[in-house]
Amino acid sequence: MTPMKWFYGYLKKYRLPMLFGLLLTTVLSFLAIVNPIISGKIVDDVIRGGKKELLPYLLLIILGVTITRGLLRYFSQVIYEKCSQGVLYTMRDTVYRKLLQEDFAFYNKNRTGDLMSRQTGDMDAIRHFVAYVIYTIYENFLLLMFAIIMMFTVNVKLAIAMILVLPFTAAATLRQSKDVKPAFGRIRQQFSSLNTAVQENISGNRVVKAFAKEDFEIEKFNKENDAYKEAELSASKIWRRYVPIFEFLSSVLTVILLLFGGYLVIRGEMSLGNLVTINGYLWMLTNPLRMAGWWVNDVQRFITSVEKIHATYSAEPDVKKPAKAIARKHMDGTVEFKNVSYQADDEDIIQNISFKVEKGQTVGIIGSTGSGKSTIMNLLCRFYDVTEGEVLIDGINVKDLDL
C-alpha cells in the first residue's frame, strides 16, 4: 500500500463531512462574485445613473451576502477542524499501538527522537493539511475560475490580458514543488536528530552529571541545533527565490487592470462600474497567485510527513506470533539451547551454543563485555530470533509459543 492510500484510509471515515464542508466552501466561493457585481451597479446605476432608490436594496444584498459568507465560513471551519482532529487521533493511536508491537530489532534501528517526531511534528503536518490546506486550495481554485468567468462576461479584452499571467505562475509553482520536497525531507530528518539528542540527554541526565559531561553534551547538542538551523535556512532560500516571483506576478495583474482597464474605460469600451466590478474580482486572482508558493510548501511538508510515518508504521517485526501459537499458563522451566547461533548486522554475536538447564538448577554465565551473555537471555525471552539452532523451554521451541 502506498503512503497516500494509507493516509486516505483514515480520511475515508470522514469523507461525508469533508464533502459537506467542501460543498459549503463551493457556495462560499460562488457568493464571492456577488458583491463586486453590486459594487459595479452602485457606480453605474446609483452614482452615475442617479437611481438613488436602488441604493438601500443593493446595500442590503451586500450585507446579506457578507453575513451568509461569514456563517458558512464558521460552519465549514468547524467541520474541517473536527475531521482533522479525528484523523489525527485515529492515526496517532494506530501508529502508537503498532510501535508497542515492534521488536527489539526495530528499536535498535530507529532512534527514540525519530519516533517522537513522527508522533508530534509529522502528525501535526497531516492535521494542518486536512484542517486548512485542502479547503484553501479548493476554495482559491474556485475563486480563480469564477473570477475568470465573470471577467469574460464583463470585458473579453481585459480578461485575456489578465489571464496571460497565469501560465507564468503555473511554471513557477511546478518548479518550486520540485525544489522544495528534498529540502523538507532534510528538515524532518534533522528535526528527528535534534529530538533524539534532547531526549537522550534528558533521560540520561544522571549519567551526564556523574561524569561531568555537561560541556561535551552541550557541544554535541549545538552541532545538531546548528544542522537543523542550516536545514531550515536552506529551505528558506527556496522560498526567498520563489515567493517574490508570485508577489510580482500578482502585482502585474493590478498594473494591467489600472492601465489597460483605464484605457478601455476612456475609449468607452467598458463602463467605470465594469472596471470597479473587475477590481472587485482582482483579489480572487491575486490571492491564489500570492499563496501558491506557500501551498506548495504545505503540500510537500504533508507528503514528507505521511511517507515518514508510513515507513515507520509499515515496518514489520522480525519476531511474530506463530499462526498456531501454543499458549502455556504454567511452565516447569527446563531450558535448552541446541546449536544456537545469532548474527546482527552480519556480525556473529554467538556461535553454536548448546547447553541444558534443568528445573531448579542454577547456572552461571560469565564472559567479557560483548561476549554474548545478554544475547543468550534475549534469545531465551525471544526478544530476537536465533539465526541457527533452537531455543527450547520444556521441550517447546520458543518460536512456537504465544508471544
# chains A, B, ... in the order shown; residues from 1 in each chain; ligands from 1
call {"tool": "closest_atom_pairs", "arguments": {"of": "segment 87-123 of chain A", "to": "segment 370-394 of chain A", "cutoff": "9 Å", "atoms": "only C-alpha atoms", "output": "Markdown table"}}
result
| residue | atom | partner | partner_atom | distance |
| --- | --- | --- | --- | --- |
| A:Asp103 | CA | A:Phe383 | CA | 6.5 |
| A:Phe104 | CA | A:Phe383 | CA | 6.1 |
| A:Ala105 | CA | A:Tyr384 | CA | 7.2 |
call {"tool": "write_last_selection", "arguments": {"atoms": "N, CA and C atoms", "output": "PDB file, in the first residue's frame"}}
result
ATOM      1  N   ASP A 103       9.544  -5.223  17.626  1.00  0.00           N
ATOM      2  CA  ASP A 103      10.523  -5.975  18.410  1.00  0.00           C
ATOM      3  C   ASP A 103      11.764  -5.134  18.685  1.00  0.00           C
ATOM      4  N   PHE A 104      12.742  -5.770  19.381  1.00  0.00           N
ATOM      5  CA  PHE A 104      13.952  -5.049  19.747  1.00  0.00           C
ATOM      6  C   PHE A 104      14.742  -4.589  18.532  1.00  0.00           C
ATOM      7  N   ALA A 105      14.726  -5.389  17.466  1.00  0.00           N
ATOM      8  CA  ALA A 105      15.479  -5.030  16.260  1.00  0.00           C
ATOM      9  C   ALA A 105      14.986  -3.704  15.688  1.00  0.00           C
TER      10      ALA A 105
END
call {"tool": "select_by_dssp", "arguments": {"residues": "segment 245-376 of chain A", "states": "alpha helix (DSSP H)", "output": "PDB file with N, CA and C atoms, in the first residue's frame"}}
result
ATOM      1  N   ILE A 245       8.571  36.043  -6.800  1.00  0.00           N
ATOM      2  CA  ILE A 245       8.033  35.841  -8.151  1.00  0.00           C
ATOM      3  C   ILE A 245       6.510  35.869  -8.109  1.00  0.00           C
ATOM      4  N   PHE A 246       5.930  35.131  -7.127  1.00  0.00           N
ATOM      5  CA  PHE A 246       4.471  35.111  -7.012  1.00  0.00           C
ATOM      6  C   PHE A 246       3.929  36.500  -6.655  1.00  0.00           C
ATOM      7  N   GLU A 247       4.636  37.227  -5.786  1.00  0.00           N
ATOM      8  CA  GLU A 247       4.203  38.572  -5.426  1.00  0.00           C
ATOM      9  C   GLU A 247       4.255  39.493  -6.647  1.00  0.00           C
ATOM     10  N   PHE A 248       5.303  39.356  -7.443  1.00  0.00           N
ATOM     11  CA  PHE A 248       5.448  40.199  -8.635  1.00  0.00           C
ATOM     12  C   PHE A 248       4.329  39.920  -9.633  1.00  0.00           C
ATOM     13  N   LEU A 249       4.056  38.623  -9.866  1.00  0.00           N
ATOM     14  CA  LEU A 249       3.022  38.271 -10.837  1.00  0.00           C
ATOM     15  C   LEU A 249       1.653  38.759 -10.392  1.00  0.00           C
ATOM     16  N   SER A 250       1.370  38.693  -9.090  1.00  0.00           N
ATOM     17  CA  SER A 250       0.078  39.189  -8.604  1.00  0.00           C
ATOM     18  C   SER A 250      -0.013  40.709  -8.739  1.00  0.00           C
ATOM     19  N   SER A 251       1.127  41.393  -8.549  1.00  0.00           N
ATOM     20  CA  SER A 251       1.130  42.853  -8.708  1.00  0.00           C
ATOM     21  C   SER A 251       0.959  43.258 -10.170  1.00  0.00           C
ATOM     22  N   VAL A 252       1.453  42.414 -11.083  1.00  0.00           N
ATOM     23  CA  VAL A 252       1.297  42.691 -12.510  1.00  0.00           C
ATOM     24  C   VAL A 252      -0.182  42.782 -12.880  1.00  0.00           C
ATOM     25  N   LEU A 253      -1.011  41.951 -12.245  1.00  0.00           N
ATOM     26  CA  LEU A 253      -2.450  41.995 -12.528  1.00  0.00           C
ATOM     27  C   LEU A 253      -3.038  43.358 -12.181  1.00  0.00           C
ATOM     28  N   THR A 254      -2.605  43.937 -11.064  1.00  0.00           N
ATOM     29  CA  THR A 254      -3.097  45.263 -10.673  1.00  0.00           C
ATOM     30  C   THR A 254      -2.697  46.312 -11.706  1.00  0.00           C
ATOM     31  N   VAL A 255      -1.464  46.221 -12.182  1.00  0.00           N
ATOM     32  CA  VAL A 255      -0.978  47.168 -13.193  1.00  0.00           C
ATOM     33  C   VAL A 255      -1.780  47.035 -14.487  1.00  0.00           C
ATOM     34  N   ILE A 256      -2.028  45.793 -14.906  1.00  0.00           N
ATOM     35  CA  ILE A 256      -2.815  45.563 -16.130  1.00  0.00           C
ATOM     36  C   ILE A 256      -4.213  46.143 -15.978  1.00  0.00           C
ATOM     37  N   GLY A 262      -8.216  51.096 -17.497  1.00  0.00           N
ATOM     38  CA  GLY A 262      -8.484  52.540 -17.612  1.00  0.00           C
ATOM     39  C   GLY A 262      -8.536  52.983 -19.058  1.00  0.00           C
ATOM     40  N   TYR A 263      -7.666  52.422 -19.879  1.00  0.00           N
ATOM     41  CA  TYR A 263      -7.653  52.744 -21.307  1.00  0.00           C
ATOM     42  C   TYR A 263      -8.988  52.359 -21.960  1.00  0.00           C
ATOM     43  N   LEU A 264      -9.516  51.184 -21.614  1.00  0.00           N
ATOM     44  CA  LEU A 264     -10.794  50.749 -22.185  1.00  0.00           C
ATOM     45  C   LEU A 264     -11.956  51.631 -21.720  1.00  0.00           C
ATOM     46  N   VAL A 265     -11.902  52.092 -20.477  1.00  0.00           N
ATOM     47  CA  VAL A 265     -12.947  52.995 -19.978  1.00  0.00           C
ATOM     48  C   VAL A 265     -12.899  54.323 -20.729  1.00  0.00           C
ATOM     49  N   ILE A 266     -11.691  54.847 -20.919  1.00  0.00           N
ATOM     50  CA  ILE A 266     -11.538  56.118 -21.641  1.00  0.00           C
ATOM     51  C   ILE A 266     -12.052  55.997 -23.070  1.00  0.00           C
ATOM     52  N   LEU A 272     -17.272  52.589 -16.119  1.00  0.00           N
ATOM     53  CA  LEU A 272     -16.493  52.701 -14.886  1.00  0.00           C
ATOM     54  C   LEU A 272     -16.961  51.657 -13.875  1.00  0.00           C
ATOM     55  N   GLY A 273     -18.262  51.376 -13.892  1.00  0.00           N
ATOM     56  CA  GLY A 273     -18.789  50.338 -12.996  1.00  0.00           C
ATOM     57  C   GLY A 273     -18.225  48.971 -13.324  1.00  0.00           C
ATOM     58  N   ASN A 274     -18.058  48.699 -14.624  1.00  0.00           N
ATOM     59  CA  ASN A 274     -17.424  47.429 -15.023  1.00  0.00           C
ATOM     60  C   ASN A 274     -16.003  47.333 -14.494  1.00  0.00           C
ATOM     61  N   LEU A 275     -15.278  48.462 -14.537  1.00  0.00           N
ATOM     62  CA  LEU A 275     -13.909  48.476 -14.011  1.00  0.00           C
ATOM     63  C   LEU A 275     -13.902  48.216 -12.508  1.00  0.00           C
ATOM     64  N   VAL A 276     -14.865  48.802 -11.800  1.00  0.00           N
ATOM     65  CA  VAL A 276     -14.992  48.568 -10.351  1.00  0.00           C
ATOM     66  C   VAL A 276     -15.328  47.099 -10.080  1.00  0.00           C
ATOM     67  N   THR A 277     -16.174  46.518 -10.913  1.00  0.00           N
ATOM     68  CA  THR A 277     -16.537  45.110 -10.749  1.00  0.00           C
ATOM     69  C   THR A 277     -15.311  44.205 -10.911  1.00  0.00           C
ATOM     70  N   ILE A 278     -14.554  44.426 -11.977  1.00  0.00           N
ATOM     71  CA  ILE A 278     -13.361  43.609 -12.199  1.00  0.00           C
ATOM     72  C   ILE A 278     -12.331  43.850 -11.095  1.00  0.00           C
ATOM     73  N   ASN A 279     -12.250  45.088 -10.615  1.00  0.00           N
ATOM     74  CA  ASN A 279     -11.361  45.370  -9.490  1.00  0.00           C
ATOM     75  C   ASN A 279     -11.774  44.559  -8.251  1.00  0.00           C
ATOM     76  N   GLY A 280     -13.081  44.328  -8.112  1.00  0.00           N
ATOM     77  CA  GLY A 280     -13.567  43.502  -7.006  1.00  0.00           C
ATOM     78  C   GLY A 280     -13.163  42.047  -7.149  1.00  0.00           C
ATOM     79  N   TYR A 281     -12.965  41.609  -8.394  1.00  0.00           N
ATOM     80  CA  TYR A 281     -12.513  40.238  -8.635  1.00  0.00           C
ATOM     81  C   TYR A 281     -10.992  40.100  -8.559  1.00  0.00           C
ATOM     82  N   LEU A 282     -10.311  41.234  -8.464  1.00  0.00           N
ATOM     83  CA  LEU A 282      -8.853  41.205  -8.529  1.00  0.00           C
ATOM     84  C   LEU A 282      -8.251  40.354  -7.408  1.00  0.00           C
ATOM     85  N   TRP A 283      -8.796  40.486  -6.187  1.00  0.00           N
ATOM     86  CA  TRP A 283      -8.240  39.700  -5.064  1.00  0.00           C
ATOM     87  C   TRP A 283      -8.446  38.206  -5.280  1.00  0.00           C
ATOM     88  N   MET A 284      -9.516  37.860  -6.030  1.00  0.00           N
ATOM     89  CA  MET A 284      -9.772  36.451  -6.323  1.00  0.00           C
ATOM     90  C   MET A 284      -8.725  35.883  -7.277  1.00  0.00           C
ATOM     91  N   LEU A 285      -8.049  36.754  -8.016  1.00  0.00           N
ATOM     92  CA  LEU A 285      -6.951  36.325  -8.882  1.00  0.00           C
ATOM     93  C   LEU A 285      -5.601  36.402  -8.172  1.00  0.00           C
ATOM     94  N   THR A 286      -5.377  37.521  -7.453  1.00  0.00           N
ATOM     95  CA  THR A 286      -4.066  37.735  -6.839  1.00  0.00           C
ATOM     96  C   THR A 286      -3.824  36.831  -5.633  1.00  0.00           C
ATOM     97  N   ASN A 287      -4.875  36.531  -4.869  1.00  0.00           N
ATOM     98  CA  ASN A 287      -4.662  35.707  -3.673  1.00  0.00           C
ATOM     99  C   ASN A 287      -4.130  34.311  -4.015  1.00  0.00           C
ATOM    100  N   PRO A 288      -4.726  33.599  -4.986  1.00  0.00           N
ATOM    101  CA  PRO A 288      -4.124  32.308  -5.357  1.00  0.00           C
ATOM    102  C   PRO A 288      -2.685  32.433  -5.848  1.00  0.00           C
ATOM    103  N   LEU A 289      -2.370  33.526  -6.566  1.00  0.00           N
ATOM    104  CA  LEU A 289      -1.004  33.703  -7.054  1.00  0.00           C
ATOM    105  C   LEU A 289      -0.035  33.930  -5.897  1.00  0.00           C
ATOM    106  N   ARG A 290      -0.450  34.741  -4.924  1.00  0.00           N
ATOM    107  CA  ARG A 290       0.417  35.023  -3.777  1.00  0.00           C
ATOM    108  C   ARG A 290       0.616  33.782  -2.911  1.00  0.00           C
ATOM    109  N   MET A 291      -0.433  32.991  -2.766  1.00  0.00           N
ATOM    110  CA  MET A 291      -0.394  31.861  -1.836  1.00  0.00           C
ATOM    111  C   MET A 291       0.124  30.578  -2.464  1.00  0.00           C
ATOM    112  N   ALA A 292       0.292  30.555  -3.783  1.00  0.00           N
ATOM    113  CA  ALA A 292       0.692  29.313  -4.462  1.00  0.00           C
ATOM    114  C   ALA A 292       1.966  28.726  -3.870  1.00  0.00           C
ATOM    115  N   GLY A 293       2.957  29.581  -3.626  1.00  0.00           N
ATOM    116  CA  GLY A 293       4.220  29.093  -3.072  1.00  0.00           C
ATOM    117  C   GLY A 293       4.056  28.465  -1.697  1.00  0.00           C
ATOM    118  N   TRP A 294       3.223  29.080  -0.855  1.00  0.00           N
ATOM    119  CA  TRP A 294       3.017  28.546   0.495  1.00  0.00           C
ATOM    120  C   TRP A 294       2.264  27.224   0.447  1.00  0.00           C
ATOM    121  N   TRP A 295       1.325  27.103  -0.492  1.00  0.00           N
ATOM    122  CA  TRP A 295       0.596  25.838  -0.605  1.00  0.00           C
ATOM    123  C   TRP A 295       1.508  24.711  -1.059  1.00  0.00           C
ATOM    124  N   VAL A 296       2.435  25.021  -1.947  1.00  0.00           N
ATOM    125  CA  VAL A 296       3.415  24.014  -2.361  1.00  0.00           C
ATOM    126  C   VAL A 296       4.205  23.543  -1.148  1.00  0.00           C
ATOM    127  N   ASN A 297       4.631  24.485  -0.301  1.00  0.00           N
ATOM    128  CA  ASN A 297       5.369  24.122   0.907  1.00  0.00           C
ATOM    129  C   ASN A 297       4.540  23.224   1.818  1.00  0.00           C
ATOM    130  N   ASP A 298       3.276  23.615   2.029  1.00  0.00           N
ATOM    131  CA  ASP A 298       2.407  22.837   2.921  1.00  0.00           C
ATOM    132  C   ASP A 298       2.159  21.431   2.378  1.00  0.00           C
ATOM    133  N   VAL A 299       1.929  21.336   1.080  1.00  0.00           N
ATOM    134  CA  VAL A 299       1.667  20.027   0.472  1.00  0.00           C
ATOM    135  C   VAL A 299       2.901  19.140   0.552  1.00  0.00           C
ATOM    136  N   GLN A 300       4.067  19.700   0.265  1.00  0.00           N
ATOM    137  CA  GLN A 300       5.298  18.907   0.330  1.00  0.00           C
ATOM    138  C   GLN A 300       5.610  18.491   1.765  1.00  0.00           C
ATOM    139  N   ARG A 301       5.334  19.378   2.727  1.00  0.00           N
ATOM    140  CA  ARG A 301       5.525  19.013   4.134  1.00  0.00           C
ATOM    141  C   ARG A 301       4.590  17.869   4.511  1.00  0.00           C
ATOM    142  N   PHE A 302       3.360  17.927   4.019  1.00  0.00           N
ATOM    143  CA  PHE A 302       2.385  16.866   4.282  1.00  0.00           C
ATOM    144  C   PHE A 302       2.840  15.540   3.671  1.00  0.00           C
ATOM    145  N   ILE A 303       3.265  15.574   2.402  1.00  0.00           N
ATOM    146  CA  ILE A 303       3.693  14.342   1.723  1.00  0.00           C
ATOM    147  C   ILE A 303       4.897  13.726   2.442  1.00  0.00           C
ATOM    148  N   THR A 304       5.866  14.566   2.801  1.00  0.00           N
ATOM    149  CA  THR A 304       7.048  14.068   3.507  1.00  0.00           C
ATOM    150  C   THR A 304       6.665  13.423   4.830  1.00  0.00           C
ATOM    151  N   SER A 305       5.753  14.052   5.568  1.00  0.00           N
ATOM    152  CA  SER A 305       5.335  13.525   6.864  1.00  0.00           C
ATOM    153  C   SER A 305       4.600  12.199   6.717  1.00  0.00           C
ATOM    154  N   VAL A 306       3.707  12.114   5.731  1.00  0.00           N
ATOM    155  CA  VAL A 306       2.977  10.860   5.516  1.00  0.00           C
ATOM    156  C   VAL A 306       3.941   9.737   5.154  1.00  0.00           C
ATOM    157  N   GLU A 307       4.906  10.023   4.299  1.00  0.00           N
ATOM    158  CA  GLU A 307       5.863   8.993   3.886  1.00  0.00           C
ATOM    159  C   GLU A 307       6.690   8.503   5.075  1.00  0.00           C
ATOM    160  N   LYS A 308       7.103   9.415   5.952  1.00  0.00           N
ATOM    161  CA  LYS A 308       7.907   9.028   7.108  1.00  0.00           C
ATOM    162  C   LYS A 308       7.083   8.215   8.104  1.00  0.00           C
ATOM    163  N   ILE A 309       5.865   8.662   8.382  1.00  0.00           N
ATOM    164  CA  ILE A 309       5.018   7.925   9.329  1.00  0.00           C
ATOM    165  C   ILE A 309       4.663   6.560   8.769  1.00  0.00           C
ATOM    166  N   HIS A 310       4.351   6.502   7.473  1.00  0.00           N
ATOM    167  CA  HIS A 310       4.001   5.227   6.857  1.00  0.00           C
ATOM    168  C   HIS A 310       5.175   4.262   6.883  1.00  0.00           C
ATOM    169  N   ALA A 311       6.381   4.783   6.658  1.00  0.00           N
ATOM    170  CA  ALA A 311       7.573   3.920   6.702  1.00  0.00           C
ATOM    171  C   ALA A 311       7.751   3.318   8.093  1.00  0.00           C
ATOM    172  N   THR A 312       7.466   4.119   9.120  1.00  0.00           N
ATOM    173  CA  THR A 312       7.551   3.612  10.495  1.00  0.00           C
ATOM    174  C   THR A 312       6.457   2.588  10.760  1.00  0.00           C
ATOM    175  N   TYR A 313       5.237   2.912  10.310  1.00  0.00           N
ATOM    176  CA  TYR A 313       4.094   2.038  10.582  1.00  0.00           C
ATOM    177  C   TYR A 313       4.193   0.712   9.828  1.00  0.00           C
ATOM    178  N   LYS A 373      26.526 -12.582  26.686  1.00  0.00           N
ATOM    179  CA  LYS A 373      25.758 -13.026  27.857  1.00  0.00           C
ATOM    180  C   LYS A 373      24.310 -12.523  27.786  1.00  0.00           C
ATOM    181  N   SER A 374      24.152 -11.230  27.531  1.00  0.00           N
ATOM    182  CA  SER A 374      22.795 -10.667  27.435  1.00  0.00           C
ATOM    183  C   SER A 374      22.045 -11.230  26.234  1.00  0.00           C
ATOM    184  N   THR A 375      22.768 -11.525  25.162  1.00  0.00           N
ATOM    185  CA  THR A 375      22.138 -12.071  23.964  1.00  0.00           C
ATOM    186  C   THR A 375      21.470 -13.404  24.262  1.00  0.00           C
ATOM    187  N   ILE A 376      22.127 -14.228  25.083  1.00  0.00           N
ATOM    188  CA  ILE A 376      21.537 -15.522  25.449  1.00  0.00           C
ATOM    189  C   ILE A 376      20.191 -15.318  26.142  1.00  0.00           C
TER     190      ILE A 376
END
call {"tool": "closest_residue", "arguments": {"among": "A:Arg267, A:Trp239, A:Met151, A:Leu24", "to": "Ile79 of chain A", "atoms": "only C-alpha atoms"}}
result
A:Leu24
call {"tool": "select_by_dssp", "arguments": {"residues": "segment 207-361 of chain A", "states": "strand (DSSP E)", "output": "number ranges by chain"}}
result
A: 335-344, 347-357
call {"tool": "residues_around", "arguments": {"residues": "Ser354 of chain A", "least_positions_apart": "5", "cutoff": "8 Å", "atoms": "only C-alpha atoms", "output": "ChimeraX atom specification"}}
result
/A:336-340
call {"tool": "write_last_selection", "arguments": {"atoms": "N, CA, C and O atoms", "output": "compact mmCIF listing (two decimals), in the first residue's frame"}}
result
# COMPACT_ATOMS: atom_id res chain seq x y z
N GLU A 336 16.76 -25.33 27.17
CA GLU A 336 17.79 -25.99 26.38
C GLU A 336 18.12 -25.15 25.15
O GLU A 336 17.21 -24.70 24.44
N PHE A 337 19.40 -24.94 24.92
CA PHE A 337 19.91 -24.31 23.69
C PHE A 337 20.53 -25.40 22.84
O PHE A 337 21.42 -26.12 23.31
N LYS A 338 20.07 -25.54 21.59
CA LYS A 338 20.60 -26.56 20.69
C LYS A 338 21.29 -25.90 19.49
O LYS A 338 20.63 -25.34 18.62
N ASN A 339 22.61 -25.93 19.51
CA ASN A 339 23.41 -25.41 18.39
C ASN A 339 22.97 -24.00 17.96
O ASN A 339 22.75 -23.73 16.78
N VAL A 340 22.82 -23.13 18.94
CA VAL A 340 22.27 -21.79 18.69
C VAL A 340 23.37 -20.84 18.23
O VAL A 340 24.43 -20.74 18.85
call {"tool": "closest_residue", "arguments": {"among": "A:Glu347, A:Glu139, A:Glu102, A:Glu214", "to": "Arg73 of chain A", "atoms": "only C-alpha atoms"}}
result
A:Glu139
call {"tool": "closest_atom_pairs", "arguments": {"of": "segment 45-160 of chain A", "to": "segment 195-212 of chain A", "cutoff": "10 Å", "atoms": "only C-alpha atoms", "output": "tab-separated table"}}
result
residue	atom	partner	partner_atom	distance
A:Arg111	CA	A:Thr196	CA	6.6
A:Thr112	CA	A:Thr196	CA	6.0
A:Gly113	CA	A:Thr196	CA	3.6
A:Asp114	CA	A:Thr196	CA	6.5
A:Leu115	CA	A:Thr196	CA	8.9
A:Met116	CA	A:Asn195	CA	7.5
A:Ser117	CA	A:Asn195	CA	7.0
call {"tool": "residues_around", "arguments": {"residues": "Arg328 of chain A", "least_positions_apart": "3", "cutoff": "9 Å", "atoms": "only C-alpha atoms", "output": "list in words"}}
result
Met331, Leu401 and Asp402 of chain A
call {"tool": "write_last_selection", "arguments": {"atoms": "N, CA, C and O atoms", "output": "short mmCIF file (atom, residue, chain, number, x, y, z; two decimals), in the first residue's frame"}}
result
data_model
loop_
_atom_site.label_atom_id
_atom_site.label_comp_id
_atom_site.auth_asym_id
_atom_site.auth_seq_id
_atom_site.Cartn_x
_atom_site.Cartn_y
_atom_site.Cartn_z
N MET A 331 4.84 -23.09 33.24
CA MET A 331 5.99 -23.80 32.67
C MET A 331 6.86 -24.33 33.81
O MET A 331 7.03 -23.67 34.84
N LEU A 401 5.69 -20.66 20.77
CA LEU A 401 4.90 -20.20 21.91
C LEU A 401 4.21 -18.89 21.58
O LEU A 401 4.70 -18.08 20.79
N ASP A 402 3.06 -18.69 22.22
CA ASP A 402 2.34 -17.42 22.07
C ASP A 402 3.19 -16.30 22.69
O ASP A 402 3.71 -16.45 23.78
#
call {"tool": "atom_distance", "arguments": {"atom1": "atom CA of Leu158 of chain A", "atom2": "atom CA of Gly261 of chain A"}}
result
6.4 Å
call {"tool": "residues_around", "arguments": {"residues": "Gly86 of chain A", "least_positions_apart": "4", "cutoff": "10 Å", "atoms": "only C-alpha atoms", "output": "list in words"}}
result
Tyr10, Leu11, Lys13, Tyr14, Tyr80, Glu81, Lys82, Thr90, Met91, Arg92 and Arg127 of chain A
call {"tool": "write_last_selection", "arguments": {"atoms": "all heavy atoms", "output": "short mmCIF file (atom, residue, chain, number, x, y, z; two decimals), in the first residue's frame"}}
result
data_model
loop_
_atom_site.label_atom_id
_atom_site.label_comp_id
_atom_site.auth_asym_id
_atom_site.auth_seq_id
_atom_site.Cartn_x
_atom_site.Cartn_y
_atom_site.Cartn_z
N TYR A 10 -7.56 6.61 6.49
CA TYR A 10 -8.00 7.32 7.70
C TYR A 10 -8.96 8.46 7.36
O TYR A 10 -9.90 8.73 8.11
CB TYR A 10 -6.79 7.88 8.45
CG TYR A 10 -5.90 6.80 9.02
CD1 TYR A 10 -4.79 6.36 8.31
CD2 TYR A 10 -6.17 6.21 10.25
CE1 TYR A 10 -3.97 5.36 8.82
CE2 TYR A 10 -5.36 5.21 10.76
CZ TYR A 10 -4.26 4.79 10.03
OH TYR A 10 -3.46 3.80 10.54
N LEU A 11 -8.70 9.12 6.24
CA LEU A 11 -9.56 10.24 5.84
C LEU A 11 -10.92 9.74 5.35
O LEU A 11 -11.93 10.46 5.46
CB LEU A 11 -8.87 11.05 4.74
CG LEU A 11 -9.58 12.32 4.28
CD1 LEU A 11 -9.70 13.33 5.42
CD2 LEU A 11 -8.82 12.96 3.11
N LYS A 13 -13.04 7.73 6.50
CA LYS A 13 -14.07 7.70 7.54
C LYS A 13 -14.80 9.03 7.65
O LYS A 13 -15.97 9.09 8.03
CB LYS A 13 -13.42 7.34 8.88
CG LYS A 13 -14.38 7.30 10.06
CD LYS A 13 -13.63 6.96 11.34
CE LYS A 13 -14.57 7.00 12.54
NZ LYS A 13 -13.84 6.70 13.80
N TYR A 14 -14.12 10.11 7.27
CA TYR A 14 -14.69 11.45 7.40
C TYR A 14 -15.02 12.06 6.04
O TYR A 14 -15.15 13.28 5.91
CB TYR A 14 -13.72 12.36 8.15
CG TYR A 14 -13.37 11.87 9.52
CD1 TYR A 14 -12.24 11.07 9.73
CD2 TYR A 14 -14.17 12.16 10.62
CE1 TYR A 14 -11.93 10.59 11.00
CE2 TYR A 14 -13.86 11.69 11.88
CZ TYR A 14 -12.74 10.90 12.07
OH TYR A 14 -12.44 10.42 13.32
N TYR A 80 -14.08 21.11 9.14
CA TYR A 80 -12.70 20.73 8.79
C TYR A 80 -11.87 20.44 10.04
O TYR A 80 -11.08 19.49 10.05
CB TYR A 80 -12.03 21.85 7.98
CG TYR A 80 -12.66 22.09 6.63
CD1 TYR A 80 -13.00 23.38 6.21
CD2 TYR A 80 -12.91 21.03 5.76
CE1 TYR A 80 -13.58 23.60 4.97
CE2 TYR A 80 -13.48 21.26 4.52
CZ TYR A 80 -13.82 22.54 4.13
OH TYR A 80 -14.38 22.75 2.90
N GLU A 81 -12.06 21.25 11.07
CA GLU A 81 -11.27 21.04 12.29
C GLU A 81 -11.64 19.74 12.98
O GLU A 81 -10.77 19.00 13.45
CB GLU A 81 -11.47 22.22 13.25
CG GLU A 81 -10.53 22.22 14.44
CD GLU A 81 -9.07 22.30 14.04
OE1 GLU A 81 -8.76 22.99 13.05
OE2 GLU A 81 -8.24 21.64 14.71
N LYS A 82 -12.94 19.42 13.03
CA LYS A 82 -13.36 18.15 13.64
C LYS A 82 -12.81 16.97 12.85
O LYS A 82 -12.35 15.97 13.44
CB LYS A 82 -14.89 18.08 13.69
CG LYS A 82 -15.50 18.92 14.80
CD LYS A 82 -17.01 18.70 14.89
CE LYS A 82 -17.60 19.45 16.07
NZ LYS A 82 -19.06 19.22 16.20
N THR A 90 -7.08 9.09 15.37
CA THR A 90 -7.10 7.70 14.92
C THR A 90 -5.72 7.26 14.43
O THR A 90 -5.24 6.18 14.76
CB THR A 90 -8.13 7.51 13.81
OG1 THR A 90 -9.40 8.00 14.24
CG2 THR A 90 -8.28 6.03 13.45
N MET A 91 -5.08 8.11 13.63
CA MET A 91 -3.77 7.76 13.08
C MET A 91 -2.72 7.66 14.18
O MET A 91 -1.93 6.71 14.21
CB MET A 91 -3.34 8.80 12.04
CG MET A 91 -2.03 8.49 11.35
SD MET A 91 -1.60 9.72 10.09
CE MET A 91 -2.87 9.40 8.87
N ARG A 92 -2.71 8.62 15.10
CA ARG A 92 -1.73 8.59 16.18
C ARG A 92 -1.92 7.36 17.07
O ARG A 92 -0.96 6.72 17.47
CB ARG A 92 -1.83 9.87 17.00
CG ARG A 92 -0.84 9.96 18.15
CD ARG A 92 -0.96 11.29 18.86
NE ARG A 92 -0.31 12.35 18.10
CZ ARG A 92 -0.58 13.64 18.24
NH1 ARG A 92 -1.53 14.02 19.09
NH2 ARG A 92 0.07 14.53 17.54
N ARG A 127 -2.47 16.93 10.24
CA ARG A 127 -3.68 17.61 10.74
C ARG A 127 -3.85 18.96 10.04
O ARG A 127 -4.96 19.33 9.64
CB ARG A 127 -3.56 17.81 12.25
CG ARG A 127 -4.80 18.43 12.90
CD ARG A 127 -4.47 19.23 14.12
NE ARG A 127 -3.60 20.36 13.81
CZ ARG A 127 -4.03 21.50 13.28
NH1 ARG A 127 -5.31 21.67 12.98
NH2 ARG A 127 -3.18 22.48 13.01
#
call {"tool": "residues_around", "arguments": {"residues": "Gly395 of chain A", "least_positions_apart": "5", "cutoff": "10 Å", "atoms": "only C-alpha atoms", "output": "tab-separated table (two decimals) with N, CA, C and O atoms, in the first residue's frame"}}
result
chain	number	residue	atom	x	y	z
A	333	GLY	N	10.14	-24.97	33.46
A	333	GLY	CA	11.34	-24.15	33.44
A	333	GLY	C	12.59	-24.84	32.96
A	333	GLY	O	13.69	-24.34	33.19
A	334	THR	N	12.48	-25.98	32.30
A	334	THR	CA	13.66	-26.62	31.72
A	334	THR	C	14.04	-25.88	30.43
A	334	THR	O	13.23	-25.74	29.53
A	335	VAL	N	15.29	-25.41	30.38
A	335	VAL	CA	15.76	-24.60	29.26
A	335	VAL	C	16.85	-25.35	28.52
A	335	VAL	O	17.74	-25.93	29.13
A	336	GLU	N	16.76	-25.33	27.17
A	336	GLU	CA	17.79	-25.99	26.38
A	336	GLU	C	18.12	-25.15	25.15
A	336	GLU	O	17.21	-24.70	24.44
